[in-house]
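File shown here: my_file39.cif, holding mmCIF, C-alpha atoms.
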```cif
data_work
#
loop_
_atom_site.label_atom_id
_atom_site.label_comp_id
_atom_site.auth_asym_id
_atom_site.auth_seq_id
_atom_site.Cartn_x
_atom_site.Cartn_y
_atom_site.Cartn_z
CA MET N 21 -64.94 45.27 16.19
CA ASN N 22 -67.77 47.14 17.92
CA ILE N 23 -70.30 45.78 15.43
CA LEU N 24 -69.26 42.19 16.25
CA ALA N 25 -69.64 42.89 19.96
CA ILE N 26 -73.09 44.36 19.42
CA ILE N 27 -74.15 41.37 17.29
CA ALA N 28 -72.80 38.92 19.89
CA ILE N 29 -74.54 40.68 22.78
CA THR N 30 -77.78 40.90 20.78
CA TRP N 31 -77.61 37.19 19.90
CA ILE N 32 -76.78 36.20 23.49
CA GLY N 33 -79.58 38.37 24.88
CA LYS N 34 -82.22 37.27 22.35
CA GLU N 35 -85.10 35.61 24.16
CA TYR N 36 -86.75 32.34 23.18
CA ARG N 37 -90.02 30.96 24.47
CA PHE N 38 -89.69 27.50 26.07
CA LEU N 39 -92.06 25.79 28.53
CA GLY N 40 -94.02 29.01 28.77
CA LEU N 41 -90.96 30.98 29.96
CA ASP N 42 -88.67 33.45 28.23
CA TRP N 43 -85.10 32.06 27.91
CA SER N 44 -81.87 33.46 26.51
CA TYR N 45 -78.26 32.36 26.30
CA LEU N 46 -77.48 35.13 28.77
CA MET N 47 -79.38 33.18 31.40
CA VAL N 48 -76.62 30.56 31.35
CA LEU N 49 -74.35 33.22 32.86
CA GLY N 50 -77.04 33.95 35.45
CA PHE N 51 -77.41 30.26 36.33
CA ILE N 52 -73.63 29.82 36.69
CA GLY N 53 -73.41 32.95 38.85
CA ASN N 54 -76.29 31.74 40.99
CA ALA N 55 -74.68 28.30 41.37
CA LEU N 56 -71.35 29.85 42.41
CA PHE N 57 -73.07 32.15 44.88
CA SER N 58 -75.04 29.22 46.32
CA MET N 59 -71.85 27.15 46.75
CA ARG N 60 -70.84 29.44 49.61
CA PHE N 61 -73.73 28.12 51.70
CA LEU N 62 -72.82 24.52 50.96
CA VAL N 63 -69.16 25.14 51.85
CA GLN N 64 -70.14 26.89 55.09
CA TRP N 65 -72.57 24.14 56.05
CA LEU N 66 -70.01 21.36 55.43
CA ALA N 67 -67.30 23.19 57.39
CA SER N 68 -69.70 23.72 60.30
CA GLU N 69 -70.73 20.07 60.31
CA ARG N 70 -67.07 18.99 60.31
CA ARG N 71 -66.25 21.23 63.27
CA GLY N 72 -69.46 20.66 65.16
CA GLU N 73 -70.04 24.41 65.48
CA SER N 74 -70.99 27.30 63.24
CA VAL N 75 -67.93 28.53 61.31
CA ILE N 76 -67.31 30.53 58.16
CA PRO N 77 -64.34 29.15 56.21
CA VAL N 78 -62.19 31.43 54.07
CA SER N 79 -63.43 29.71 50.91
CA PHE N 80 -66.92 31.06 51.73
CA TRP N 81 -65.69 34.56 50.84
CA TYR N 82 -64.10 33.45 47.55
CA TRP N 83 -67.31 31.72 46.45
CA SER N 84 -69.21 34.87 47.45
CA ILE N 85 -66.95 37.08 45.33
CA ALA N 86 -67.14 34.82 42.27
CA GLY N 87 -70.90 34.43 42.49
CA SER N 88 -71.71 38.09 43.12
CA ALA N 89 -69.34 39.26 40.36
CA LEU N 90 -70.99 36.96 37.79
CA MET N 91 -74.47 37.91 38.98
CA CYS N 92 -73.56 41.62 38.71
CA ILE N 93 -72.31 41.07 35.13
CA TYR N 94 -75.51 39.20 34.34
CA PHE N 95 -77.64 42.09 35.59
CA VAL N 96 -75.49 44.63 33.72
CA PHE N 97 -76.24 42.77 30.46
CA ARG N 98 -79.92 42.63 31.40
CA ARG N 99 -79.81 46.38 32.17
CA ASP N 100 -81.49 45.70 35.52
CA PRO N 101 -80.59 48.42 38.07
CA VAL N 102 -82.13 46.51 40.99
CA GLY N 103 -79.93 43.46 40.33
CA ILE N 104 -76.84 45.59 39.70
CA LEU N 105 -77.27 47.44 43.00
CA ALA N 106 -77.96 44.16 44.80
CA TYR N 107 -74.64 42.59 43.76
CA LEU N 108 -72.26 45.48 42.99
CA PRO N 109 -71.25 46.45 46.55
CA ASN N 110 -71.15 42.86 47.82
CA SER N 111 -67.77 41.99 46.32
CA MET N 112 -66.17 44.97 48.04
CA ILE N 113 -67.48 43.75 51.39
CA TYR N 114 -66.31 40.19 50.72
CA ILE N 115 -62.85 41.42 49.69
CA ARG N 116 -62.69 43.53 52.85
CA ASN N 117 -63.47 40.44 54.93
CA LEU N 118 -60.61 38.58 53.25
CA MET N 119 -58.30 41.53 53.98
CA LEU N 120 -59.31 41.45 57.66
CA ILE N 121 -58.74 37.70 57.85
CA ARG N 122 -55.32 38.05 56.24
CA LYS N 123 -54.44 40.97 58.51
CA ARG N 124 -55.44 38.99 61.60
CA LYS N 125 -53.36 35.98 60.52
CA PHE N 126 -50.29 38.11 59.91
CA ALA N 127 -50.76 40.02 63.16
CA PHE N 128 -51.16 36.79 65.09
CA THR N 129 -48.13 35.09 63.60
CA ALA N 130 -45.83 38.14 63.62
CA ALA N 131 -46.66 39.50 67.06
CA ALA N 132 -47.35 36.39 69.07
CA PRO N 133 -45.27 33.28 68.45
CA SER N 134 -47.15 30.29 69.77
CA GLN N 135 -44.18 28.80 71.64
CA LYS N 136 -44.71 30.18 75.12
CA PRO N 137 -44.38 28.50 78.45
CA ARG N 138 -47.87 27.49 79.50
CA GLU N 139 -48.86 26.88 83.06
CA GLU N 140 -49.20 23.22 83.88
CA THR N 141 -52.47 22.16 85.44
CA SER N 142 -52.29 20.50 88.81
CA ASP N 143 -54.36 17.59 87.49
CA ALA N 144 -51.80 15.24 85.89
CA LYS N 145 -54.56 13.46 83.95
CA ARG N 146 -55.31 16.60 81.99
CA THR N 147 -51.81 17.32 80.71
CA PHE N 148 -49.19 14.89 79.47
CA LYS N 149 -45.73 15.16 78.08
CA SER N 150 -44.05 12.51 76.05
CA GLU N 151 -40.39 12.41 75.01
CA THR N 152 -40.27 10.76 71.58
CA TYR N 153 -37.84 11.23 68.70
CA GLY N 154 -36.11 14.08 70.53
CA ALA N 155 -39.32 16.13 70.74
CA THR N 156 -41.57 16.99 73.64
CA PHE N 157 -45.30 16.62 73.08
CA THR N 158 -47.55 18.62 75.39
CA TYR N 159 -51.31 18.31 75.17
CA TYR N 160 -53.62 20.96 76.63
CA PRO N 161 -57.14 19.49 76.96
CA GLU N 162 -58.74 22.79 77.99
CA THR N 163 -57.96 24.16 74.52
CA ASP N 164 -57.60 20.79 72.73
CA SER N 165 -54.21 21.85 71.43
CA LEU N 166 -50.98 19.91 71.07
CA TYR N 167 -47.58 21.57 71.10
CA VAL N 168 -44.60 19.71 69.64
CA ASP N 169 -41.43 21.27 71.03
CA LEU N 170 -38.50 20.49 68.71
CA SER N 171 -35.82 22.71 70.23
CA VAL N 172 -34.82 24.55 73.38
CA LYS N 173 -34.40 27.74 71.33
CA PRO N 174 -37.18 30.30 71.75
CA SER N 175 -39.59 31.08 68.96
CA ALA N 176 -38.99 34.34 67.10
CA ALA N 177 -41.68 34.06 64.42
CA SER N 178 -44.67 31.92 63.54
CA ARG N 179 -46.57 31.03 60.41
CA GLU N 180 -49.96 29.36 60.08
CA ILE N 181 -49.58 26.81 57.29
CA THR N 182 -53.15 25.54 57.39
CA ASP N 183 -56.20 26.12 59.52
CA GLY N 184 -55.18 25.41 63.11
CA VAL N 185 -51.55 24.40 62.45
CA VAL N 186 -48.85 26.97 63.31
CA LEU N 187 -45.12 26.48 62.79
CA ASP N 188 -42.70 28.31 65.11
CA TYR N 189 -39.25 29.37 63.92
CA ASP N 190 -36.19 30.64 65.77
CA GLU N 191 -34.09 33.69 64.81
CA ASP N 192 -32.26 31.61 62.18
CA ALA N 193 -35.57 30.60 60.55
CA LYS N 194 -35.22 26.99 61.80
CA LEU N 195 -38.30 25.09 62.91
CA VAL N 196 -38.52 24.91 66.72
CA GLY N 197 -42.13 23.93 67.35
CA ILE N 198 -45.53 23.02 65.96
CA ASP N 199 -48.82 24.15 67.52
CA ILE N 200 -51.89 22.11 66.50
CA ASP N 201 -55.42 23.27 67.39
CA ASN N 202 -58.28 20.73 67.62
CA ALA N 203 -55.61 18.08 68.09
CA SER N 204 -57.98 15.32 69.20
CA ARG N 205 -59.82 15.64 65.87
CA LYS N 206 -56.65 15.62 63.76
CA LEU N 207 -54.46 13.07 65.60
CA ASP N 208 -54.68 9.83 67.54
CA LEU N 209 -53.46 11.17 70.88
CA SER N 210 -53.42 7.71 72.49
CA GLN N 211 -50.31 6.95 70.42
CA LEU N 212 -48.49 9.88 72.02
CA ARG N 213 -49.53 8.86 75.52
CA ARG N 214 -47.90 5.46 74.98
CA GLY N 215 -44.67 7.04 73.70
#
```
In structure tokens, how does this file's structure come out?
Amino acid sequence: MNILAIIAITWIGKEYRFLGLDWSYLMVLGFIGNALFSMRFLVQWLASERRGESVIPVSFWYWSIAGSALMCIYFVFRRDPVGILAYLPNSMIYIRNLMLIRKRKFAFTAAAPSQKPREETSDAKRTFKSETYGATFTYYPETDSLYVDLSVKPSAASREITDGVVLDYDEDAKLVGIDIDNASRKLDLSQLRRG
């Protein structure tokens, strides 16, 4: 078994001269790792363009982990200590960032349900409520958030189901409200104003 592994590694690592450069099948792993690592920049750029501000989406960290892990493996096979040290600690930092993001989401949803009475602004043009389908829609332009109140029961727990959308539940785990951030980008608010 060990002899087969040694033969495979030797064959994969064997270099061939092409276009004046030294190539090996191992470089395919390096190219894939580099492509994965580079995807994080593309993902971050697209998310920032969508939002109109600089943001780092959660997928940025997953691309970073995948790319740095493959690049580290590539440098291990190449026996390159500079490359190994460049990529080895990165994954731990990326994983820690994911842990902090997850911790913040759980802390936010467990400790602070989003259904809270908010102070109305004196300017009636800035805040509107609409009674439709038994729900109250309240839009807060200063934060560009929309709250859909489905029940008079208070919220006991919350859960973020996607970026910027939080569901509020009562003590019996029944849905009592929906909080939507960046509402003007996700919904046609003129429809609610008519209702």
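Between atom CA of N:Val96 and atom CA of N:Ser79 lies a distance of 25.8 Å.
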> Please, what distance in Å, to one decimal, runs between atom CA of N:Ser210 and atom CA of N:Glu162?
Replying inline: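 That distance, rounded to one decimal, is 16.9 Å.
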> For N:Gly87, which residue among N:Leu66, N:Ala176, N:Ile198, N:Ala55 is the nearest when counting only C-alpha atoms?
Replying inline: N:Ala55
> Selected by the PyMOL selection byres ((chain N and resi 99-112) around 10) in the shown coordinates: which residues, as a ChimeraX atom specification?
Replying inline: /N:81-82,84-98,113-118
>> Would you compute the distance between atom CA of N:Ser171 and atom CA of N:Lys123? Give it in Å to one decimal.
In response: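 Between atom CA of N:Ser171 and atom CA of N:Lys123 the gap works out to 28.6 Å.
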>> Using all atoms listed in the file, which protein or nucleic acid residues come within 10 Å of N:Leu170? Drop anything in the same chain fewer than 4 positions from it, and give the result as a PyMOL selection string.
In response: chain N and resi 153-157+188+195-198
Could those selected residues go to a file with C-alpha atoms, as a tab-separated table (two decimals), in the frame of the given file?
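Result file out.tsv:
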```tsv
chain	number	residue	atom	x	y	z
N	153	TYR	CA	-37.84	11.23	68.70
N	154	GLY	CA	-36.11	14.08	70.53
N	155	ALA	CA	-39.32	16.13	70.74
N	156	THR	CA	-41.57	16.99	73.64
N	157	PHE	CA	-45.30	16.62	73.08
N	188	ASP	CA	-42.70	28.31	65.11
N	195	LEU	CA	-38.30	25.09	62.91
N	196	VAL	CA	-38.52	24.91	66.72
N	197	GLY	CA	-42.13	23.93	67.35
N	198	ILE	CA	-45.53	23.02	65.96
```
>> Need to verify the contact set: N:Trp65, 10 Å, all atoms listed in the file, exclusion of same-chain residues closer than 6 positions in sequence. Can you return it as a PyMOL selection string?
In response: chain N and resi 59+73-77+80
> Looking at N:Asp42, N:Asn202, N:Trp83, N:Met119, which one is nearest to N:Leu62, with distances taken over only C-alpha atoms?
Replying inline: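 Among the listed residues, the smallest separation from N:Leu62 belongs to N:Trp83.
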